[in-house]
2 protein chains.
Amino acid sequence: MKRLETDECGFASALNAISGKWKMGILWEVTLQPRRFGELRRLLPGVSEKVLAQQLREMEADDLIRREVFPGAVQKVEYSVTDFGRSLNEAVDALSRWGKEFEKRQERKAMVA
Amino acid sequence: MKRLETDECGFASALNAISGKWKMGILWEVTLQPRRFGELRRLLPGVSEKVLAQQLREMEADDLIRREVFPGAVQKVEYSVTDFGRSLNEAVDALSRWGKEFEKRQERKAMVA
DNA sequence: GTAAGCGCTCACCCCAAGGTAAGTGGTTTT
DNA sequence: AAAACCACTTACCTTGGGGTGAGCGCTTAC
């Protein structure tokens, strides 16, 4: 992903971390519990393997999630949320609540129309 | 702008309102004080007239800003923030603060590398 | 022995957001 | 008379994020 110029704007920086179609979904899933690659595939219907792998890498680089390889005959990789990732979830909370309000308004408009 | 399916996720709804390269910039500027079209052009260096007009329309439809035409010989149109738009600014605040934290981390990483 | 699961990577394609540049219909300045 | 400001609109083009489908190296189940 190309990064925006942030020029001291916190919001633009935050966007750099969360923009990516599946990132917030991934963050949410690994917050509930650690997840494996194939598991995430199934939990996020519509995501392609390419993009899933890509966004997991970026989120790992941004320290939002942790990637752990477990030894053993069959490959096992687990993704879990970091403390920093958790803090993002909290920061997003207010915006989510606002979003619900927005949603209600949109529905009201749709009713009238 | 194409709208995402929100399926009861407040965050996705919020994204529908704020995604648009210049929307948060516009919101910020009209929050400081009412602005005219040409003024916004100058305040947001890089925005094209097409996209500015487009995003202003969408934000008006979403009730984030208000458009007022002033009578007179020369055209005068003013855009100002609505109460609902103000509430979005507040909701974005926590995320902006998180973004600043994120920015610091990125800088630290860049230092080491 | 072959199919299916694991966690990926790679080459290719599509599409919508956004940029470019020109035009519109008016007024005002020089 | 020409140029410049006002608030836009329109046709065209570019860009890059994300989807598709195949392949890889390995292991386990049928």
# chains A, B, ... in the order shown; residues from 1 in each chain; ligands from 1

call {"tool": "residues_around", "arguments": {"residues": "DA3 of chain D", "least_positions_apart": "5", "cutoff": "12 Å", "atoms": "only C-alpha atoms (C1' of nucleotides)", "output": "number ranges by chain"}}
result
C: 28-30

call {"tool": "write_last_selection", "arguments": {"atoms": "N, CA, C and O atoms (P, O5', C5', C4', C3', O3' and C1' of nucleotides)", "output": "compact mmCIF listing (two decimals), in the first residue's frame"}}
result
# COMPACT_ATOMS: atom_id res chain seq x y z
P DT C 28 -20.72 43.02 -10.88
O5' DT C 28 -19.23 43.30 -10.36
C5' DT C 28 -18.36 42.21 -10.01
C4' DT C 28 -16.96 42.48 -10.52
C3' DT C 28 -16.57 43.97 -10.64
O3' DT C 28 -15.37 44.17 -9.91
C1' DT C 28 -15.91 42.78 -12.55
P DT C 29 -14.95 45.61 -9.39
O5' DT C 29 -13.41 45.65 -9.84
C5' DT C 29 -12.59 44.48 -9.70
C4' DT C 29 -11.54 44.44 -10.80
C3' DT C 29 -10.77 45.75 -11.00
O3' DT C 29 -9.38 45.50 -10.89
C1' DT C 29 -11.47 44.85 -13.07
P DT C 30 -8.33 46.64 -11.07
O5' DT C 30 -8.02 46.61 -12.63
C5' DT C 30 -7.10 45.63 -13.17
C4' DT C 30 -6.64 46.09 -14.54
C3' DT C 30 -6.22 47.57 -14.59
O3' DT C 30 -5.04 47.75 -15.36
C1' DT C 30 -7.87 47.17 -16.21

call {"tool": "interface_residues", "arguments": {"of": "chain D", "to": "chain A", "cutoff": "10 Å", "atoms": "only C-alpha atoms (C1' of nucleotides)", "output": "JSON, numbers by chain"}}
result
{"D": [16, 17, 18, 19, 20, 26, 27, 28]}

call {"tool": "interface_residues", "arguments": {"of": "chain A", "to": "chain B", "cutoff": "7 Å", "atoms": "only C-alpha atoms", "output": "number ranges by chain"}}
result
A: 10-11, 13-14, 88, 91-92, 94-100, 102-103

call {"tool": "write_last_selection", "arguments": {"atoms": "all heavy atoms", "output": "compact mmCIF listing (two decimals), in the first residue's frame"}}
result
# COMPACT_ATOMS: atom_id res chain seq x y z
N GLY A 10 -2.71 13.44 12.52
CA GLY A 10 -2.88 12.12 13.11
C GLY A 10 -3.86 11.26 12.35
O GLY A 10 -3.67 10.06 12.21
N PHE A 11 -4.89 11.89 11.85
CA PHE A 11 -5.91 11.12 11.17
C PHE A 11 -5.36 10.45 9.92
O PHE A 11 -5.61 9.28 9.66
CB PHE A 11 -7.10 12.01 10.81
CG PHE A 11 -8.20 11.26 10.14
CD1 PHE A 11 -8.99 10.37 10.85
CD2 PHE A 11 -8.43 11.43 8.79
CE1 PHE A 11 -10.00 9.66 10.23
CE2 PHE A 11 -9.44 10.72 8.15
CZ PHE A 11 -10.22 9.84 8.88
N SER A 13 -2.31 9.61 9.37
CA SER A 13 -1.44 8.52 9.80
C SER A 13 -2.26 7.29 10.13
O SER A 13 -1.91 6.17 9.73
CB SER A 13 -0.67 8.91 11.06
OG SER A 13 0.09 10.06 10.82
N ALA A 14 -3.35 7.50 10.86
CA ALA A 14 -4.19 6.38 11.24
C ALA A 14 -4.73 5.68 9.99
O ALA A 14 -4.74 4.45 9.91
CB ALA A 14 -5.35 6.86 12.12
N LEU A 88 -5.71 0.27 18.92
CA LEU A 88 -6.37 0.77 17.71
C LEU A 88 -7.86 0.44 17.76
O LEU A 88 -8.71 1.29 17.48
CB LEU A 88 -5.74 0.16 16.46
CG LEU A 88 -6.46 0.44 15.14
CD1 LEU A 88 -6.64 1.94 14.91
CD2 LEU A 88 -5.72 -0.16 13.97
N ALA A 91 -9.53 2.92 19.81
CA ALA A 91 -9.60 4.24 19.19
C ALA A 91 -10.69 4.30 18.12
O ALA A 91 -11.28 5.34 17.86
CB ALA A 91 -8.25 4.61 18.59
N VAL A 92 -10.94 3.15 17.53
CA VAL A 92 -11.91 3.07 16.45
C VAL A 92 -13.34 3.05 16.99
O VAL A 92 -14.30 3.33 16.28
CB VAL A 92 -11.61 1.81 15.60
CG1 VAL A 92 -12.84 1.31 14.90
CG2 VAL A 92 -10.48 2.10 14.62
N ALA A 94 -15.15 4.98 19.04
CA ALA A 94 -15.99 6.19 18.95
C ALA A 94 -16.50 6.37 17.53
O ALA A 94 -17.66 6.72 17.31
CB ALA A 94 -15.19 7.41 19.38
N LEU A 95 -15.63 6.11 16.59
CA LEU A 95 -16.01 6.26 15.19
C LEU A 95 -17.08 5.24 14.81
O LEU A 95 -18.00 5.53 14.04
CB LEU A 95 -14.77 6.12 14.31
CG LEU A 95 -14.94 6.50 12.86
CD1 LEU A 95 -15.52 7.90 12.72
CD2 LEU A 95 -13.62 6.41 12.11
N SER A 96 -16.98 4.05 15.36
CA SER A 96 -17.98 3.02 15.08
C SER A 96 -19.34 3.44 15.61
O SER A 96 -20.36 3.24 14.95
CB SER A 96 -17.58 1.69 15.73
OG SER A 96 -16.41 1.21 15.13
N ARG A 97 -19.33 4.00 16.80
CA ARG A 97 -20.60 4.45 17.37
C ARG A 97 -21.20 5.54 16.49
O ARG A 97 -22.40 5.54 16.21
CB ARG A 97 -20.40 4.95 18.79
CG ARG A 97 -20.39 3.82 19.81
CD ARG A 97 -20.56 4.37 21.24
NE ARG A 97 -19.53 5.36 21.55
CZ ARG A 97 -18.32 5.06 22.04
NH1 ARG A 97 -17.99 3.81 22.28
NH2 ARG A 97 -17.45 6.01 22.27
N TRP A 98 -20.36 6.45 16.04
CA TRP A 98 -20.84 7.50 15.14
C TRP A 98 -21.41 6.86 13.88
O TRP A 98 -22.45 7.28 13.37
CB TRP A 98 -19.70 8.46 14.79
CG TRP A 98 -20.17 9.62 13.95
CD1 TRP A 98 -20.64 10.81 14.40
CD2 TRP A 98 -20.25 9.66 12.52
NE1 TRP A 98 -21.00 11.60 13.33
CE2 TRP A 98 -20.77 10.92 12.18
CE3 TRP A 98 -19.93 8.76 11.50
CZ2 TRP A 98 -20.99 11.30 10.86
CZ3 TRP A 98 -20.15 9.14 10.19
CH2 TRP A 98 -20.67 10.39 9.88
N GLY A 99 -20.75 5.86 13.40
CA GLY A 99 -21.18 5.17 12.18
C GLY A 99 -22.57 4.58 12.33
O GLY A 99 -23.37 4.62 11.39
N LYS A 100 -22.85 4.07 13.51
CA LYS A 100 -24.19 3.51 13.74
C LYS A 100 -25.24 4.61 13.65
O LYS A 100 -26.32 4.42 13.09
CB LYS A 100 -24.25 2.86 15.13
CG LYS A 100 -23.53 1.51 15.20
CD LYS A 100 -24.29 0.54 16.10
CE LYS A 100 -23.39 -0.60 16.58
NZ LYS A 100 -22.84 -1.42 15.49
N PHE A 102 -24.95 7.34 11.94
CA PHE A 102 -25.02 7.68 10.51
C PHE A 102 -25.92 6.70 9.76
O PHE A 102 -26.78 7.09 8.96
CB PHE A 102 -23.60 7.66 9.93
CG PHE A 102 -23.53 7.96 8.46
CD1 PHE A 102 -23.87 9.20 7.97
CD2 PHE A 102 -23.09 6.99 7.57
CE1 PHE A 102 -23.78 9.48 6.62
CE2 PHE A 102 -23.01 7.26 6.21
CZ PHE A 102 -23.35 8.51 5.74
N GLU A 103 -25.74 5.44 10.07
CA GLU A 103 -26.52 4.37 9.46
C GLU A 103 -28.01 4.61 9.67
O GLU A 103 -28.81 4.51 8.74
CB GLU A 103 -26.10 3.05 10.14
CG GLU A 103 -26.14 1.84 9.25
CD GLU A 103 -25.47 0.66 9.97
OE1 GLU A 103 -24.53 0.91 10.77
OE2 GLU A 103 -25.90 -0.47 9.75

call {"tool": "select_by_dssp", "arguments": {"residues": "segment 35-112 of chain B", "states": "helix (DSSP H, G or I)", "output": "ChimeraX atom specification"}}
result
/B:37-43,49-61,83-112

call {"tool": "interface_residues", "arguments": {"of": "chain C", "to": "chain A", "cutoff": "10 Å", "atoms": "only C-alpha atoms (C1' of nucleotides)", "output": "list in words"}}
result
DG5, DC6, DG7, DC8, DT9 and DC10 of chain C

call {"tool": "write_last_selection", "arguments": {"atoms": "N, CA, C and O atoms (P, O5', C5', C4', C3', O3' and C1' of nucleotides)", "output": "PDB file, in the first residue's frame"}}
result
ATOM      1  P    DG C   5     -10.106 -29.758   1.738  1.00  0.00           P
ATOM      2  O5'  DG C   5      -8.966 -29.313   2.769  1.00  0.00           O
ATOM      3  C5'  DG C   5      -8.794 -30.031   3.989  1.00  0.00           C
ATOM      4  C4'  DG C   5      -7.434 -29.714   4.557  1.00  0.00           C
ATOM      5  C3'  DG C   5      -7.180 -28.196   4.680  1.00  0.00           C
ATOM      6  O3'  DG C   5      -6.890 -27.864   6.031  1.00  0.00           O
ATOM      7  C1'  DG C   5      -5.343 -29.313   3.617  1.00  0.00           C
ATOM      8  P    DC C   6      -6.812 -26.338   6.437  1.00  0.00           P
ATOM      9  O5'  DC C   6      -5.275 -25.968   6.404  1.00  0.00           O
ATOM     10  C5'  DC C   6      -4.355 -26.643   7.259  1.00  0.00           C
ATOM     11  C4'  DC C   6      -2.948 -26.284   6.860  1.00  0.00           C
ATOM     12  C3'  DC C   6      -2.765 -24.787   6.582  1.00  0.00           C
ATOM     13  O3'  DC C   6      -2.366 -24.135   7.778  1.00  0.00           O
ATOM     14  C1'  DC C   6      -1.576 -26.189   5.019  1.00  0.00           C
ATOM     15  P    DG C   7      -2.595 -22.600   7.979  1.00  0.00           P
ATOM     16  O5'  DG C   7      -1.474 -21.910   7.069  1.00  0.00           O
ATOM     17  C5'  DG C   7      -0.112 -22.091   7.388  1.00  0.00           C
ATOM     18  C4'  DG C   7       0.745 -21.537   6.269  1.00  0.00           C
ATOM     19  C3'  DG C   7       0.468 -20.049   5.932  1.00  0.00           C
ATOM     20  O3'  DG C   7       1.711 -19.376   5.695  1.00  0.00           O
ATOM     21  C1'  DG C   7       0.364 -21.317   4.010  1.00  0.00           C
ATOM     22  P    DC C   8       1.715 -17.748   5.946  1.00  0.00           P
ATOM     23  O5'  DC C   8       0.967 -17.013   4.840  1.00  0.00           O
ATOM     24  C5'  DC C   8       1.103 -16.706   3.462  1.00  0.00           C
ATOM     25  C4'  DC C   8       1.969 -17.578   2.625  1.00  0.00           C
ATOM     26  C3'  DC C   8       2.386 -16.869   1.353  1.00  0.00           C
ATOM     27  O3'  DC C   8       3.628 -16.217   1.517  1.00  0.00           O
ATOM     28  C1'  DC C   8       1.615 -19.101   0.911  1.00  0.00           C
ATOM     29  P    DT C   9       3.906 -14.896   0.682  1.00  0.00           P
ATOM     30  O5'  DT C   9       4.186 -15.411  -0.799  1.00  0.00           O
ATOM     31  C5'  DT C   9       5.316 -16.238  -1.077  1.00  0.00           C
ATOM     32  C4'  DT C   9       5.374 -16.489  -2.575  1.00  0.00           C
ATOM     33  C3'  DT C   9       5.422 -15.208  -3.420  1.00  0.00           C
ATOM     34  O3'  DT C   9       6.441 -15.352  -4.404  1.00  0.00           O
ATOM     35  C1'  DT C   9       3.614 -16.571  -4.122  1.00  0.00           C
ATOM     36  P    DC C  10       6.923 -14.090  -5.281  1.00  0.00           P
ATOM     37  O5'  DC C  10       6.212 -14.334  -6.700  1.00  0.00           O
ATOM     38  C5'  DC C  10       6.167 -15.642  -7.261  1.00  0.00           C
ATOM     39  C4'  DC C  10       5.372 -15.606  -8.557  1.00  0.00           C
ATOM     40  C3'  DC C  10       5.381 -14.243  -9.255  1.00  0.00           C
ATOM     41  O3'  DC C  10       5.678 -14.416 -10.641  1.00  0.00           O
ATOM     42  C1'  DC C  10       3.137 -14.983  -8.894  1.00  0.00           C
TER      43       DC C  10
END

call {"tool": "residues_around", "arguments": {"residues": "Leu64 of chain B", "least_positions_apart": "2", "cutoff": "7 Å", "atoms": "only C-alpha atoms (C1' of nucleotides)", "output": "list in words"}}
result
Met59, Glu60, Asp62, Val81, Thr82, Phe84 and Gly85 of chain B

call {"tool": "write_last_selection", "arguments": {"atoms": "all heavy atoms", "output": "PDB file, in the first residue's frame"}}
result
ATOM      1  N   MET B  59     -21.066  15.139   0.759  1.00  0.00           N
ATOM      2  CA  MET B  59     -21.089  15.518   2.171  1.00  0.00           C
ATOM      3  C   MET B  59     -22.357  16.275   2.517  1.00  0.00           C
ATOM      4  O   MET B  59     -22.879  16.164   3.626  1.00  0.00           O
ATOM      5  CB  MET B  59     -19.849  16.343   2.507  1.00  0.00           C
ATOM      6  CG  MET B  59     -18.561  15.549   2.405  1.00  0.00           C
ATOM      7  SD  MET B  59     -17.080  16.555   2.646  1.00  0.00           S
ATOM      8  CE  MET B  59     -17.149  16.891   4.404  1.00  0.00           C
ATOM      9  N   GLU B  60     -22.856  17.038   1.553  1.00  0.00           N
ATOM     10  CA  GLU B  60     -24.105  17.744   1.771  1.00  0.00           C
ATOM     11  C   GLU B  60     -25.246  16.717   1.879  1.00  0.00           C
ATOM     12  O   GLU B  60     -26.078  16.806   2.783  1.00  0.00           O
ATOM     13  CB  GLU B  60     -24.358  18.697   0.600  1.00  0.00           C
ATOM     14  CG  GLU B  60     -25.394  19.761   0.904  1.00  0.00           C
ATOM     15  CD  GLU B  60     -25.902  20.424  -0.361  1.00  0.00           C
ATOM     16  OE1 GLU B  60     -25.302  20.223  -1.443  1.00  0.00           O
ATOM     17  OE2 GLU B  60     -26.914  21.139  -0.270  1.00  0.00           O
ATOM     18  N   ASP B  62     -25.025  13.762   2.837  1.00  0.00           N
ATOM     19  CA  ASP B  62     -24.861  13.008   4.088  1.00  0.00           C
ATOM     20  C   ASP B  62     -25.072  13.890   5.312  1.00  0.00           C
ATOM     21  O   ASP B  62     -24.873  13.443   6.439  1.00  0.00           O
ATOM     22  CB  ASP B  62     -23.462  12.371   4.139  1.00  0.00           C
ATOM     23  CG  ASP B  62     -23.342  11.182   3.200  1.00  0.00           C
ATOM     24  OD1 ASP B  62     -24.394  10.688   2.741  1.00  0.00           O
ATOM     25  OD2 ASP B  62     -22.207  10.755   2.924  1.00  0.00           O
ATOM     26  N   VAL B  81     -20.210  23.741   8.415  1.00  0.00           N
ATOM     27  CA  VAL B  81     -20.384  22.427   9.055  1.00  0.00           C
ATOM     28  C   VAL B  81     -21.747  22.365   9.739  1.00  0.00           C
ATOM     29  O   VAL B  81     -22.265  23.379  10.209  1.00  0.00           O
ATOM     30  CB  VAL B  81     -19.247  22.186  10.073  1.00  0.00           C
ATOM     31  CG1 VAL B  81     -19.401  23.067  11.292  1.00  0.00           C
ATOM     32  CG2 VAL B  81     -19.169  20.726  10.471  1.00  0.00           C
ATOM     33  N   THR B  82     -22.348  21.185   9.745  1.00  0.00           N
ATOM     34  CA  THR B  82     -23.601  20.973  10.474  1.00  0.00           C
ATOM     35  C   THR B  82     -23.264  20.415  11.856  1.00  0.00           C
ATOM     36  O   THR B  82     -22.114  20.052  12.117  1.00  0.00           O
ATOM     37  CB  THR B  82     -24.472  19.931   9.756  1.00  0.00           C
ATOM     38  OG1 THR B  82     -23.746  18.705   9.707  1.00  0.00           O
ATOM     39  CG2 THR B  82     -24.807  20.369   8.342  1.00  0.00           C
ATOM     40  N   PHE B  84     -24.173  17.619  12.932  1.00  0.00           N
ATOM     41  CA  PHE B  84     -23.822  16.213  12.704  1.00  0.00           C
ATOM     42  C   PHE B  84     -22.374  16.103  12.220  1.00  0.00           C
ATOM     43  O   PHE B  84     -21.635  15.215  12.654  1.00  0.00           O
ATOM     44  CB  PHE B  84     -24.787  15.605  11.683  1.00  0.00           C
ATOM     45  CG  PHE B  84     -24.661  14.120  11.523  1.00  0.00           C
ATOM     46  CD1 PHE B  84     -24.703  13.286  12.620  1.00  0.00           C
ATOM     47  CD2 PHE B  84     -24.518  13.562  10.253  1.00  0.00           C
ATOM     48  CE1 PHE B  84     -24.596  11.907  12.469  1.00  0.00           C
ATOM     49  CE2 PHE B  84     -24.405  12.193  10.094  1.00  0.00           C
ATOM     50  CZ  PHE B  84     -24.449  11.356  11.203  1.00  0.00           C
ATOM     51  N   GLY B  85     -21.978  17.018  11.373  1.00  0.00           N
ATOM     52  CA  GLY B  85     -20.596  17.049  10.911  1.00  0.00           C
ATOM     53  C   GLY B  85     -19.632  17.282  12.063  1.00  0.00           C
ATOM     54  O   GLY B  85     -18.572  16.652  12.148  1.00  0.00           O
TER      55      GLY B  85
END

call {"tool": "select_by_dssp", "arguments": {"residues": "segment 8-95 of chain A", "states": "strand (DSSP E)", "output": "number ranges by chain"}}
result
A: 35-36, 65-70, 76-81

call {"tool": "decode", "arguments": {"residues": "segment 49-60 of chain B", "atoms": "all heavy atoms", "output": "PDB file, in the first residue's frame"}}
result
ATOM      1  N   GLU B  49     -10.996  20.652  -9.137  1.00  0.00           N
ATOM      2  CA  GLU B  49     -12.330  21.238  -9.003  1.00  0.00           C
ATOM      3  C   GLU B  49     -13.394  20.163  -9.119  1.00  0.00           C
ATOM      4  O   GLU B  49     -14.386  20.199  -8.405  1.00  0.00           O
ATOM      5  CB  GLU B  49     -12.537  22.302 -10.086  1.00  0.00           C
ATOM      6  CG  GLU B  49     -11.542  23.443  -9.973  1.00  0.00           C
ATOM      7  CD  GLU B  49     -11.907  24.611 -10.874  1.00  0.00           C
ATOM      8  OE1 GLU B  49     -12.705  24.425 -11.808  1.00  0.00           O
ATOM      9  OE2 GLU B  49     -11.384  25.724 -10.629  1.00  0.00           O
ATOM     10  N   LYS B  50     -13.174  19.223 -10.000  1.00  0.00           N
ATOM     11  CA  LYS B  50     -14.164  18.164 -10.194  1.00  0.00           C
ATOM     12  C   LYS B  50     -14.438  17.422  -8.898  1.00  0.00           C
ATOM     13  O   LYS B  50     -15.586  17.287  -8.468  1.00  0.00           O
ATOM     14  CB  LYS B  50     -13.688  17.153 -11.241  1.00  0.00           C
ATOM     15  CG  LYS B  50     -14.747  16.130 -11.596  1.00  0.00           C
ATOM     16  CD  LYS B  50     -14.191  14.930 -12.361  1.00  0.00           C
ATOM     17  CE  LYS B  50     -13.532  13.939 -11.449  1.00  0.00           C
ATOM     18  NZ  LYS B  50     -13.190  12.677 -12.134  1.00  0.00           N
ATOM     19  N   VAL B  51     -13.360  16.965  -8.294  1.00  0.00           N
ATOM     20  CA  VAL B  51     -13.497  16.135  -7.094  1.00  0.00           C
ATOM     21  C   VAL B  51     -13.983  16.962  -5.913  1.00  0.00           C
ATOM     22  O   VAL B  51     -14.787  16.492  -5.111  1.00  0.00           O
ATOM     23  CB  VAL B  51     -12.168  15.422  -6.778  1.00  0.00           C
ATOM     24  CG1 VAL B  51     -12.234  14.685  -5.454  1.00  0.00           C
ATOM     25  CG2 VAL B  51     -11.839  14.452  -7.893  1.00  0.00           C
ATOM     26  N   LEU B  52     -13.536  18.201  -5.839  1.00  0.00           N
ATOM     27  CA  LEU B  52     -14.008  19.057  -4.753  1.00  0.00           C
ATOM     28  C   LEU B  52     -15.523  19.201  -4.829  1.00  0.00           C
ATOM     29  O   LEU B  52     -16.237  18.963  -3.844  1.00  0.00           O
ATOM     30  CB  LEU B  52     -13.330  20.434  -4.837  1.00  0.00           C
ATOM     31  CG  LEU B  52     -13.733  21.426  -3.758  1.00  0.00           C
ATOM     32  CD1 LEU B  52     -13.526  20.867  -2.363  1.00  0.00           C
ATOM     33  CD2 LEU B  52     -12.982  22.752  -3.910  1.00  0.00           C
ATOM     34  N   ALA B  53     -16.035  19.530  -6.000  1.00  0.00           N
ATOM     35  CA  ALA B  53     -17.474  19.694  -6.182  1.00  0.00           C
ATOM     36  C   ALA B  53     -18.205  18.404  -5.820  1.00  0.00           C
ATOM     37  O   ALA B  53     -19.220  18.413  -5.123  1.00  0.00           O
ATOM     38  CB  ALA B  53     -17.768  20.079  -7.624  1.00  0.00           C
ATOM     39  N   GLN B  54     -17.659  17.308  -6.266  1.00  0.00           N
ATOM     40  CA  GLN B  54     -18.247  15.992  -6.063  1.00  0.00           C
ATOM     41  C   GLN B  54     -18.359  15.650  -4.570  1.00  0.00           C
ATOM     42  O   GLN B  54     -19.420  15.257  -4.087  1.00  0.00           O
ATOM     43  CB  GLN B  54     -17.316  15.007  -6.747  1.00  0.00           C
ATOM     44  CG  GLN B  54     -17.846  13.653  -7.072  1.00  0.00           C
ATOM     45  CD  GLN B  54     -16.772  12.899  -7.878  1.00  0.00           C
ATOM     46  OE1 GLN B  54     -16.699  13.038  -9.101  1.00  0.00           O
ATOM     47  NE2 GLN B  54     -15.924  12.156  -7.193  1.00  0.00           N
ATOM     48  N   GLN B  55     -17.245  15.836  -3.875  1.00  0.00           N
ATOM     49  CA  GLN B  55     -17.236  15.444  -2.472  1.00  0.00           C
ATOM     50  C   GLN B  55     -18.077  16.398  -1.633  1.00  0.00           C
ATOM     51  O   GLN B  55     -18.720  15.983  -0.672  1.00  0.00           O
ATOM     52  CB  GLN B  55     -15.792  15.335  -1.968  1.00  0.00           C
ATOM     53  CG  GLN B  55     -14.948  14.455  -2.881  1.00  0.00           C
ATOM     54  CD  GLN B  55     -13.816  13.707  -2.198  1.00  0.00           C
ATOM     55  OE1 GLN B  55     -13.321  14.092  -1.166  1.00  0.00           O
ATOM     56  NE2 GLN B  55     -13.422  12.590  -2.802  1.00  0.00           N
ATOM     57  N   LEU B  56     -18.118  17.668  -2.028  1.00  0.00           N
ATOM     58  CA  LEU B  56     -18.996  18.620  -1.337  1.00  0.00           C
ATOM     59  C   LEU B  56     -20.454  18.164  -1.466  1.00  0.00           C
ATOM     60  O   LEU B  56     -21.200  18.173  -0.497  1.00  0.00           O
ATOM     61  CB  LEU B  56     -18.807  20.026  -1.904  1.00  0.00           C
ATOM     62  CG  LEU B  56     -17.517  20.747  -1.505  1.00  0.00           C
ATOM     63  CD1 LEU B  56     -17.307  22.000  -2.332  1.00  0.00           C
ATOM     64  CD2 LEU B  56     -17.521  21.091  -0.012  1.00  0.00           C
ATOM     65  N   ARG B  57     -20.843  17.756  -2.660  1.00  0.00           N
ATOM     66  CA  ARG B  57     -22.214  17.267  -2.884  1.00  0.00           C
ATOM     67  C   ARG B  57     -22.522  16.074  -1.993  1.00  0.00           C
ATOM     68  O   ARG B  57     -23.571  16.011  -1.383  1.00  0.00           O
ATOM     69  CB  ARG B  57     -22.396  16.808  -4.324  1.00  0.00           C
ATOM     70  CG  ARG B  57     -22.317  17.812  -5.411  1.00  0.00           C
ATOM     71  CD  ARG B  57     -23.610  18.490  -5.766  1.00  0.00           C
ATOM     72  NE  ARG B  57     -23.381  19.944  -5.667  1.00  0.00           N
ATOM     73  CZ  ARG B  57     -22.465  20.613  -6.344  1.00  0.00           C
ATOM     74  NH1 ARG B  57     -21.693  20.005  -7.185  1.00  0.00           N
ATOM     75  NH2 ARG B  57     -22.329  21.906  -6.180  1.00  0.00           N
ATOM     76  N   GLU B  58     -21.591  15.119  -1.969  1.00  0.00           N
ATOM     77  CA  GLU B  58     -21.826  13.907  -1.172  1.00  0.00           C
ATOM     78  C   GLU B  58     -21.928  14.239   0.311  1.00  0.00           C
ATOM     79  O   GLU B  58     -22.777  13.698   1.022  1.00  0.00           O
ATOM     80  CB  GLU B  58     -20.698  12.893  -1.403  1.00  0.00           C
ATOM     81  CG  GLU B  58     -20.743  12.259  -2.784  1.00  0.00           C
ATOM     82  CD  GLU B  58     -19.565  11.307  -3.049  1.00  0.00           C
ATOM     83  OE1 GLU B  58     -18.816  11.008  -2.086  1.00  0.00           O
ATOM     84  OE2 GLU B  58     -19.405  10.870  -4.196  1.00  0.00           O
ATOM     85  N   MET B  59     -21.066  15.139   0.759  1.00  0.00           N
ATOM     86  CA  MET B  59     -21.089  15.518   2.171  1.00  0.00           C
ATOM     87  C   MET B  59     -22.357  16.275   2.517  1.00  0.00           C
ATOM     88  O   MET B  59     -22.879  16.164   3.626  1.00  0.00           O
ATOM     89  CB  MET B  59     -19.849  16.343   2.507  1.00  0.00           C
ATOM     90  CG  MET B  59     -18.561  15.549   2.405  1.00  0.00           C
ATOM     91  SD  MET B  59     -17.080  16.555   2.646  1.00  0.00           S
ATOM     92  CE  MET B  59     -17.149  16.891   4.404  1.00  0.00           C
ATOM     93  N   GLU B  60     -22.856  17.038   1.553  1.00  0.00           N
ATOM     94  CA  GLU B  60     -24.105  17.744   1.771  1.00  0.00           C
ATOM     95  C   GLU B  60     -25.246  16.717   1.879  1.00  0.00           C
ATOM     96  O   GLU B  60     -26.078  16.806   2.783  1.00  0.00           O
ATOM     97  CB  GLU B  60     -24.358  18.697   0.600  1.00  0.00           C
ATOM     98  CG  GLU B  60     -25.394  19.761   0.904  1.00  0.00           C
ATOM     99  CD  GLU B  60     -25.902  20.424  -0.361  1.00  0.00           C
ATOM    100  OE1 GLU B  60     -25.302  20.223  -1.443  1.00  0.00           O
ATOM    101  OE2 GLU B  60     -26.914  21.139  -0.270  1.00  0.00           O
TER     102      GLU B  60
END
